[in-house]
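J.: After the structure tokens below, expect a handful of questions from me.
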Amino acid sequence: MSAWLLYALLSAASAALVAICGKIGLQHLDANTATAVRAVVMALFLVGVVVVQGKVSLVSQVLADRKALLWIVCSGIAGALSWLFYFMAIKTGPVSRVAPIDKLSVVFSVVLAVILFGEKLSLVAGVGVALIAGGALMVALG
């Protein structure tokens, strides 16, 4: 199995736990406040990973590359907005309907990759993306 595929599967499994643990934890809490606490926990965890890997010295490299830093900041803001909206959605709606709609991000990512990066999409891949979109909507609205 390719490393990227293993990491992608682990990402999907971890994301599933975000929905389940988040839904349980949000029962009597404000979604935005809980998301902020989650972000702090994530930041501390990730700083710990960098420290354990011995890569703290690479932080200056990230900070020195202004263009890359700008895009990383934009990605962070987009991620924070995604988390805020996701936690608000699972607080007020069923995970079984929210999670499939959230996974439409796959469809949006593919479309944007084609438009912005000129990535090629085969007919089979295009049909797969359409099936993801249709399947997500069928699960969420059915």
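Please note that chains go A, B, ... in the order of the structure tokens, that every chain numbers its residues from 1, and that ligands are numbered from 1 in the order shown.
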Env of Leu141 in chain A: 8 Å cut, atoms = only C-alpha atoms, seq-sep filter 3 positions within chain, self excluded. Answer as a VMD selection string.
T.: chain A and resid 97 137 to 138
J.: Report as a Markdown table: every residue of range 14-63 of chain A with an atom at most 10 Å from range 82-96 of chain A, its closest pair of atoms, and their distance in Å to one decimal, counting only C-alpha atoms, with rows sorted by chain and ascending residue number.
T.:
```
| residue | atom | partner | partner_atom | distance |
| --- | --- | --- | --- | --- |
| A:Ala16 | CA | A:Val95 | CA | 9.7 |
| A:Val18 | CA | A:Phe87 | CA | 9.4 |
| A:Ala19 | CA | A:Val95 | CA | 6.6 |
| A:Ile20 | CA | A:Val95 | CA | 7.4 |
| A:Gly22 | CA | A:Phe87 | CA | 7.1 |
| A:Lys23 | CA | A:Ile90 | CA | 5.9 |
| A:Ile24 | CA | A:Lys91 | CA | 9.0 |
| A:Gly25 | CA | A:Lys91 | CA | 9.2 |
| A:Leu26 | CA | A:Lys91 | CA | 6.0 |
| A:Gln27 | CA | A:Lys91 | CA | 6.9 |
| A:His28 | CA | A:Lys91 | CA | 9.1 |
| A:Leu29 | CA | A:Lys91 | CA | 8.8 |
| A:Asp30 | CA | A:Met88 | CA | 8.5 |
| A:Ala31 | CA | A:Met88 | CA | 5.4 |
| A:Asn32 | CA | A:Leu84 | CA | 5.9 |
| A:Thr33 | CA | A:Leu84 | CA | 9.2 |
| A:Ala34 | CA | A:Phe87 | CA | 8.2 |
| A:Thr35 | CA | A:Leu84 | CA | 6.2 |
| A:Ala36 | CA | A:Leu84 | CA | 8.5 |
| A:Arg38 | CA | A:Trp83 | CA | 9.3 |
| A:Ala39 | CA | A:Trp83 | CA | 8.9 |
```
J.: Between A:Ala136, A:Ala3, A:Leu116, A:Leu70, which is the closest to Asp102 in chain A once you count only C-alpha atoms?
T.: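 The closest residue to Asp102 in chain A is A:Ala136.
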J.: What's the separation between CA of Ile77 in chain A and CA of Ala43 in chain A, in Å to one decimal place?
T.: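 Calculated distance between CA of Ile77 in chain A and CA of Ala43 in chain A is 13.9 Å.
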J.: May I ask which of the residues A:Ile101, A:Ala68, A:Val124, A:Val49 is the closest one to Ala140 in chain A, counting only C-alpha atoms?
T.: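 Selected residue with least distance to Ala140 in chain A: A:Ile101.
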J.: Pick from A:Leu44, A:Leu58, A:Leu112, A:Ala99: nearest to Ala15 in chain A, with only C-alpha atoms counted?
T.: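 The shortest atom-to-atom distance to Ala15 in chain A comes from A:Ala99.
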J.: Within 12 Å of Ile132 in chain A, counting only C-alpha atoms, which residues qualify if same-chain residues fewer than 5 places away don't, as a ChimeraX atom specification?
T.: /A:100-108,110,125-127,137-140
J.: With N, CA, C and O atoms retained, write the just-selected residues as a tab-separated table (two decimals), in the first residue's frame.
T.:
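Final output, saved to selection30.tsv:
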```tsv
chain	number	residue	atom	x	y	z
A	100	PRO	N	-21.92	13.50	5.67
A	100	PRO	CA	-21.87	13.36	4.21
A	100	PRO	C	-21.82	14.70	3.48
A	100	PRO	O	-21.11	14.84	2.49
A	101	ILE	N	-22.56	15.68	3.98
A	101	ILE	CA	-22.51	17.01	3.35
A	101	ILE	C	-21.12	17.60	3.50
A	101	ILE	O	-20.57	18.19	2.56
A	102	ASP	N	-20.52	17.43	4.67
A	102	ASP	CA	-19.15	17.91	4.90
A	102	ASP	C	-18.18	17.27	3.90
A	102	ASP	O	-17.24	17.92	3.45
A	103	LYS	N	-18.42	16.03	3.54
A	103	LYS	CA	-17.52	15.34	2.62
A	103	LYS	C	-17.66	15.83	1.18
A	103	LYS	O	-16.89	15.43	0.31
A	104	LEU	N	-18.61	16.72	0.93
A	104	LEU	CA	-18.65	17.37	-0.38
A	104	LEU	C	-17.39	18.21	-0.59
A	104	LEU	O	-17.10	18.62	-1.71
A	105	SER	N	-16.63	18.43	0.49
A	105	SER	CA	-15.34	19.11	0.34
A	105	SER	C	-14.44	18.36	-0.63
A	105	SER	O	-13.62	18.97	-1.32
A	106	VAL	N	-14.61	17.05	-0.73
A	106	VAL	CA	-13.85	16.26	-1.70
A	106	VAL	C	-14.17	16.73	-3.11
A	106	VAL	O	-13.27	16.97	-3.93
A	107	VAL	N	-15.45	16.89	-3.39
A	107	VAL	CA	-15.88	17.34	-4.71
A	107	VAL	C	-15.37	18.75	-4.98
A	107	VAL	O	-14.81	19.03	-6.05
A	108	PHE	N	-15.53	19.64	-4.00
A	108	PHE	CA	-15.06	21.02	-4.17
A	108	PHE	C	-13.55	21.05	-4.40
A	108	PHE	O	-13.05	21.81	-5.23
A	110	VAL	N	-11.58	18.71	-5.70
A	110	VAL	CA	-11.24	18.20	-7.03
A	110	VAL	C	-11.53	19.26	-8.09
A	110	VAL	O	-10.72	19.53	-8.97
A	125	ALA	N	-12.59	9.15	-13.26
A	125	ALA	CA	-12.47	9.98	-12.05
A	125	ALA	C	-13.61	10.99	-11.98
A	125	ALA	O	-14.16	11.25	-10.91
A	126	GLY	N	-13.97	11.57	-13.12
A	126	GLY	CA	-15.09	12.51	-13.15
A	126	GLY	C	-16.39	11.86	-12.73
A	126	GLY	O	-17.19	12.45	-11.97
A	127	VAL	N	-16.62	10.64	-13.21
A	127	VAL	CA	-17.81	9.89	-12.80
A	127	VAL	C	-17.75	9.61	-11.29
A	127	VAL	O	-18.75	9.74	-10.58
A	137	LEU	N	-25.25	13.53	-1.12
A	137	LEU	CA	-26.59	14.14	-1.05
A	137	LEU	C	-27.66	13.10	-0.74
A	137	LEU	O	-28.59	13.37	0.04
A	138	MET	N	-27.53	11.90	-1.32
A	138	MET	CA	-28.52	10.85	-1.05
A	138	MET	C	-28.50	10.43	0.42
A	138	MET	O	-29.56	10.25	1.04
A	139	VAL	N	-27.30	10.28	0.99
A	139	VAL	CA	-27.20	9.89	2.39
A	139	VAL	C	-27.73	11.00	3.30
A	139	VAL	O	-28.47	10.75	4.26
A	140	ALA	N	-27.38	12.25	2.98
A	140	ALA	CA	-27.76	13.36	3.85
A	140	ALA	C	-29.23	13.71	3.75
A	140	ALA	O	-29.84	14.09	4.75
```
J.: Based on the backbone DSSP call, show me all residues of chain A assigned alpha helix (DSSP H), as a ChimeraX atom specification.
T.: /A:3-25,31-52,59-64,66-92,95-102,104-117,123-141
J.: Work out how far apart CA of Val40 in chain A and CA of Val59 in chain A are and give it in Å to one decimal.
T.: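 Going from CA of Val40 in chain A over to CA of Val59 in chain A, I get 18.2 Å.
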J.: For a test of reading the model, state the distance in Å between CA of Val52 in chain A and CA of Leu10 in chain A, rounded to one decimal.
T.: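 According to the coordinates, CA of Val52 in chain A and CA of Leu10 in chain A are separated by 20.2 Å.
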